[in-house]
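Peer 1: Submitted below is the structure of interest, expressed as structure tokens.
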Amino acid sequence: MDIPKPVSTRMIFVKLLILTLSILLIPLFAMFFSNDVSWSLTDFLVMGALIYSSGCLYLWIQYKTVLRYKKLLLLFVPVLFIFLWVELAVGILH
């Protein structure tokens, strides 16, 4: 039986970057098929940064913290992501 090699930290962040770029392909392809989706380069950069930073925060909490409230913090990351996404899209606080 082979013992699996530990995954390097660099590889985890490369996979997260690939996942982020894959998610951003959805609105890119939607722009070709519908006039309802109209993203600028800034929209892609901001959303890419939001997705990637949320993933980094989630991984950091998952692997680097030994807090009592780790599960609560891990739940907070997607809630914060959705809140920021909605705020940037429609401005719920204005």
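Just so we're on the same page: first chain in the structure tokens is A, next is B, and so on; residues restart at 1 for each chain, and ligands are numbered from 1 in the order they show up.
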Can you tell me which residues surround stretch 7-19 of chain A at a distance of at most 8 Å, considering only C-alpha atoms, apart from same-chain residues fewer than 4 positions away, and format the answer as a PDB file with all heavy atoms, in the first residue's frame?

Peer 2:
ATOM      1  N   ILE A  23     -14.631  29.122 -11.999  1.00  0.00           N
ATOM      2  CA  ILE A  23     -15.904  29.739 -11.619  1.00  0.00           C
ATOM      3  C   ILE A  23     -16.148  31.003 -12.436  1.00  0.00           C
ATOM      4  O   ILE A  23     -17.277  31.288 -12.850  1.00  0.00           O
ATOM      5  CB  ILE A  23     -15.933  30.021 -10.109  1.00  0.00           C
ATOM      6  CG1 ILE A  23     -15.979  28.711  -9.332  1.00  0.00           C
ATOM      7  CG2 ILE A  23     -17.116  30.910  -9.727  1.00  0.00           C
ATOM      8  CD1 ILE A  23     -15.801  28.858  -7.837  1.00  0.00           C
ATOM      9  N   TYR A  52     -11.137  34.176  -4.466  1.00  0.00           N
ATOM     10  CA  TYR A  52      -9.827  33.655  -4.057  1.00  0.00           C
ATOM     11  C   TYR A  52      -9.528  33.979  -2.592  1.00  0.00           C
ATOM     12  O   TYR A  52      -9.067  33.119  -1.840  1.00  0.00           O
ATOM     13  CB  TYR A  52      -8.737  34.205  -4.971  1.00  0.00           C
ATOM     14  CG  TYR A  52      -7.390  33.561  -4.743  1.00  0.00           C
ATOM     15  CD1 TYR A  52      -7.129  32.283  -5.227  1.00  0.00           C
ATOM     16  CD2 TYR A  52      -6.389  34.214  -4.047  1.00  0.00           C
ATOM     17  CE1 TYR A  52      -5.908  31.680  -5.015  1.00  0.00           C
ATOM     18  CE2 TYR A  52      -5.160  33.621  -3.834  1.00  0.00           C
ATOM     19  CZ  TYR A  52      -4.927  32.351  -4.322  1.00  0.00           C
ATOM     20  OH  TYR A  52      -3.717  31.748  -4.101  1.00  0.00           O
ATOM     21  N   GLY A  55     -11.585  31.808  -0.314  1.00  0.00           N
ATOM     22  CA  GLY A  55     -11.014  30.467  -0.262  1.00  0.00           C
ATOM     23  C   GLY A  55      -9.767  30.414   0.594  1.00  0.00           C
ATOM     24  O   GLY A  55      -9.571  29.470   1.368  1.00  0.00           O
ATOM     25  N   CYS A  56      -8.907  31.429   0.471  1.00  0.00           N
ATOM     26  CA  CYS A  56      -7.694  31.487   1.298  1.00  0.00           C
ATOM     27  C   CYS A  56      -8.044  31.612   2.775  1.00  0.00           C
ATOM     28  O   CYS A  56      -7.424  30.957   3.623  1.00  0.00           O
ATOM     29  CB  CYS A  56      -6.813  32.655   0.867  1.00  0.00           C
ATOM     30  SG  CYS A  56      -6.003  32.434  -0.713  1.00  0.00           S
TER      31      CYS A  56
END

Peer 1: Write out as a short mmCIF file (atom, residue, chain, number, x, y, z; two decimals) with N, CA and C atoms, in the first residue's frame all residues of chain A that DSSP puts in helix (DSSP H, G or I) for this structure's backbone.

Peer 2:
data_model
loop_
_atom_site.label_atom_id
_atom_site.label_comp_id
_atom_site.auth_asym_id
_atom_site.auth_seq_id
_atom_site.Cartn_x
_atom_site.Cartn_y
_atom_site.Cartn_z
N THR A 9 1.68 23.30 0.28
CA THR A 9 0.85 24.49 0.43
C THR A 9 0.71 25.22 -0.89
N ARG A 10 1.79 25.27 -1.65
CA ARG A 10 1.75 25.94 -2.95
C ARG A 10 0.73 25.29 -3.87
N MET A 11 0.68 23.96 -3.86
CA MET A 11 -0.24 23.24 -4.73
C MET A 11 -1.69 23.51 -4.34
N ILE A 12 -1.94 23.64 -3.05
CA ILE A 12 -3.30 23.95 -2.60
C ILE A 12 -3.75 25.30 -3.14
N PHE A 13 -2.87 26.29 -3.09
CA PHE A 13 -3.24 27.63 -3.58
C PHE A 13 -3.32 27.68 -5.10
N VAL A 14 -2.54 26.85 -5.79
CA VAL A 14 -2.66 26.76 -7.25
C VAL A 14 -4.01 26.15 -7.61
N LYS A 15 -4.41 25.10 -6.89
CA LYS A 15 -5.72 24.49 -7.14
C LYS A 15 -6.85 25.48 -6.85
N LEU A 16 -6.69 26.27 -5.80
CA LEU A 16 -7.69 27.29 -5.48
C LEU A 16 -7.77 28.34 -6.59
N LEU A 17 -6.63 28.72 -7.14
CA LEU A 17 -6.61 29.67 -8.25
C LEU A 17 -7.30 29.09 -9.48
N ILE A 18 -7.03 27.82 -9.78
CA ILE A 18 -7.68 27.17 -10.92
C ILE A 18 -9.18 27.09 -10.71
N LEU A 19 -9.60 26.78 -9.50
CA LEU A 19 -11.04 26.74 -9.19
C LEU A 19 -11.67 28.12 -9.35
N THR A 20 -10.97 29.15 -8.89
CA THR A 20 -11.47 30.53 -9.03
C THR A 20 -11.64 30.90 -10.50
N LEU A 21 -10.64 30.61 -11.31
CA LEU A 21 -10.73 30.92 -12.73
C LEU A 21 -11.82 30.11 -13.41
N SER A 22 -12.02 28.88 -12.97
CA SER A 22 -13.09 28.05 -13.54
C SER A 22 -14.46 28.64 -13.22
N ILE A 23 -14.63 29.12 -12.00
CA ILE A 23 -15.90 29.74 -11.62
C ILE A 23 -16.15 31.00 -12.44
N LEU A 24 -15.09 31.76 -12.71
CA LEU A 24 -15.24 32.99 -13.49
C LEU A 24 -15.55 32.73 -14.96
N LEU A 25 -15.38 31.49 -15.41
CA LEU A 25 -15.75 31.15 -16.79
C LEU A 25 -17.26 31.16 -16.98
N ILE A 26 -18.01 30.95 -15.90
CA ILE A 26 -19.47 30.92 -16.01
C ILE A 26 -20.02 32.26 -16.50
N PRO A 27 -19.70 33.40 -15.85
CA PRO A 27 -20.22 34.67 -16.40
C PRO A 27 -19.58 35.03 -17.74
N LEU A 28 -18.34 34.59 -17.98
CA LEU A 28 -17.70 34.88 -19.26
C LEU A 28 -18.46 34.23 -20.40
N PHE A 29 -18.81 32.95 -20.24
CA PHE A 29 -19.59 32.27 -21.28
C PHE A 29 -21.01 32.80 -21.35
N ALA A 30 -21.57 33.19 -20.22
CA ALA A 30 -22.93 33.74 -20.22
C ALA A 30 -22.99 35.05 -21.00
N MET A 31 -21.91 35.80 -21.02
CA MET A 31 -21.88 37.06 -21.77
C MET A 31 -22.00 36.82 -23.27
N PHE A 32 -21.54 35.66 -23.74
CA PHE A 32 -21.63 35.35 -25.17
C PHE A 32 -23.03 34.94 -25.59
N PHE A 33 -23.82 34.42 -24.67
CA PHE A 33 -25.13 33.87 -25.01
C PHE A 33 -26.30 34.72 -24.55
N LEU A 41 -14.00 44.23 -17.11
CA LEU A 41 -12.78 43.64 -16.58
C LEU A 41 -12.69 43.85 -15.08
N THR A 42 -13.13 45.00 -14.61
CA THR A 42 -13.12 45.29 -13.18
C THR A 42 -14.02 44.32 -12.41
N ASP A 43 -15.17 43.99 -12.98
CA ASP A 43 -16.07 43.03 -12.34
C ASP A 43 -15.39 41.67 -12.18
N PHE A 44 -14.70 41.23 -13.22
CA PHE A 44 -14.01 39.94 -13.15
C PHE A 44 -12.88 39.99 -12.13
N LEU A 45 -12.14 41.08 -12.07
CA LEU A 45 -11.04 41.20 -11.12
C LEU A 45 -11.54 41.22 -9.68
N VAL A 46 -12.59 41.98 -9.43
CA VAL A 46 -13.13 42.08 -8.07
C VAL A 46 -13.72 40.74 -7.63
N MET A 47 -14.49 40.12 -8.51
CA MET A 47 -15.09 38.83 -8.14
C MET A 47 -14.02 37.76 -7.98
N GLY A 48 -13.01 37.78 -8.83
CA GLY A 48 -11.90 36.83 -8.69
C GLY A 48 -11.18 37.02 -7.37
N ALA A 49 -10.94 38.26 -7.00
CA ALA A 49 -10.28 38.54 -5.72
C ALA A 49 -11.16 38.11 -4.55
N LEU A 50 -12.46 38.32 -4.66
CA LEU A 50 -13.38 37.93 -3.59
C LEU A 50 -13.43 36.41 -3.43
N ILE A 51 -13.52 35.70 -4.53
CA ILE A 51 -13.56 34.23 -4.47
C ILE A 51 -12.25 33.68 -3.92
N TYR A 52 -11.14 34.18 -4.47
CA TYR A 52 -9.83 33.65 -4.06
C TYR A 52 -9.53 33.98 -2.59
N SER A 53 -9.81 35.20 -2.18
CA SER A 53 -9.53 35.57 -0.79
C SER A 53 -10.44 34.83 0.19
N SER A 54 -11.69 34.58 -0.20
CA SER A 54 -12.58 33.79 0.66
C SER A 54 -12.06 32.36 0.79
N GLY A 55 -11.59 31.81 -0.31
CA GLY A 55 -11.01 30.47 -0.26
C GLY A 55 -9.77 30.41 0.59
N CYS A 56 -8.91 31.43 0.47
CA CYS A 56 -7.69 31.49 1.30
C CYS A 56 -8.04 31.61 2.78
N LEU A 57 -9.02 32.45 3.09
CA LEU A 57 -9.45 32.61 4.48
C LEU A 57 -10.01 31.31 5.03
N TYR A 58 -10.81 30.62 4.23
CA TYR A 58 -11.38 29.34 4.65
C TYR A 58 -10.27 28.32 4.93
N LEU A 59 -9.30 28.23 4.01
CA LEU A 59 -8.19 27.29 4.20
C LEU A 59 -7.34 27.66 5.40
N TRP A 60 -7.12 28.94 5.61
CA TRP A 60 -6.32 29.37 6.75
C TRP A 60 -7.00 28.99 8.07
N ILE A 61 -8.30 29.23 8.14
CA ILE A 61 -9.04 28.86 9.35
C ILE A 61 -9.03 27.34 9.52
N GLN A 62 -9.21 26.62 8.42
CA GLN A 62 -9.28 25.17 8.48
C GLN A 62 -7.98 24.54 8.97
N TYR A 63 -6.85 25.02 8.47
CA TYR A 63 -5.59 24.32 8.73
C TYR A 63 -4.66 25.01 9.73
N LYS A 64 -4.82 26.28 9.95
CA LYS A 64 -3.86 26.99 10.79
C LYS A 64 -4.38 27.44 12.13
N LYS A 70 -13.82 27.07 15.76
CA LYS A 70 -13.40 26.89 14.37
C LYS A 70 -14.60 26.65 13.45
N LYS A 71 -15.54 25.81 13.85
CA LYS A 71 -16.69 25.52 13.00
C LYS A 71 -17.55 26.76 12.77
N LEU A 72 -17.68 27.58 13.78
CA LEU A 72 -18.43 28.82 13.64
C LEU A 72 -17.73 29.76 12.67
N LEU A 73 -16.41 29.86 12.79
CA LEU A 73 -15.66 30.70 11.87
C LEU A 73 -15.73 30.17 10.44
N LEU A 74 -15.68 28.84 10.29
CA LEU A 74 -15.78 28.26 8.95
C LEU A 74 -17.16 28.51 8.34
N LEU A 75 -18.17 28.60 9.14
CA LEU A 75 -19.51 28.94 8.66
C LEU A 75 -19.59 30.42 8.31
N PHE A 76 -18.84 31.24 9.02
CA PHE A 76 -18.86 32.68 8.80
C PHE A 76 -18.27 33.07 7.44
N VAL A 77 -17.31 32.31 6.91
CA VAL A 77 -16.66 32.66 5.65
C VAL A 77 -17.65 32.68 4.48
N PRO A 78 -18.46 31.63 4.25
CA PRO A 78 -19.41 31.73 3.14
C PRO A 78 -20.50 32.78 3.36
N VAL A 79 -20.88 33.00 4.62
CA VAL A 79 -21.87 34.04 4.92
C VAL A 79 -21.30 35.42 4.56
N LEU A 80 -20.05 35.65 4.95
CA LEU A 80 -19.39 36.91 4.61
C LEU A 80 -19.24 37.06 3.09
N PHE A 81 -18.89 35.98 2.41
CA PHE A 81 -18.76 36.00 0.95
C PHE A 81 -20.08 36.40 0.29
N ILE A 82 -21.16 35.76 0.70
CA ILE A 82 -22.47 36.06 0.10
C ILE A 82 -22.89 37.49 0.42
N PHE A 83 -22.64 37.95 1.64
CA PHE A 83 -22.98 39.32 2.00
C PHE A 83 -22.22 40.32 1.13
N LEU A 84 -20.91 40.12 0.96
CA LEU A 84 -20.12 41.03 0.13
C LEU A 84 -20.54 40.96 -1.33
N TRP A 85 -20.87 39.77 -1.81
CA TRP A 85 -21.30 39.60 -3.19
C TRP A 85 -22.60 40.38 -3.44
N VAL A 86 -23.56 40.23 -2.54
CA VAL A 86 -24.82 40.93 -2.68
C VAL A 86 -24.63 42.43 -2.55
N GLU A 87 -23.77 42.85 -1.62
CA GLU A 87 -23.51 44.28 -1.45
C GLU A 87 -22.89 44.88 -2.72
N LEU A 88 -21.97 44.18 -3.32
CA LEU A 88 -21.34 44.68 -4.55
C LEU A 88 -22.31 44.66 -5.71
N ALA A 89 -23.23 43.69 -5.73
CA ALA A 89 -24.15 43.57 -6.85
C ALA A 89 -25.29 44.59 -6.80
N VAL A 90 -25.92 44.73 -5.64
CA VAL A 90 -27.11 45.59 -5.58
C VAL A 90 -27.03 46.66 -4.51
#
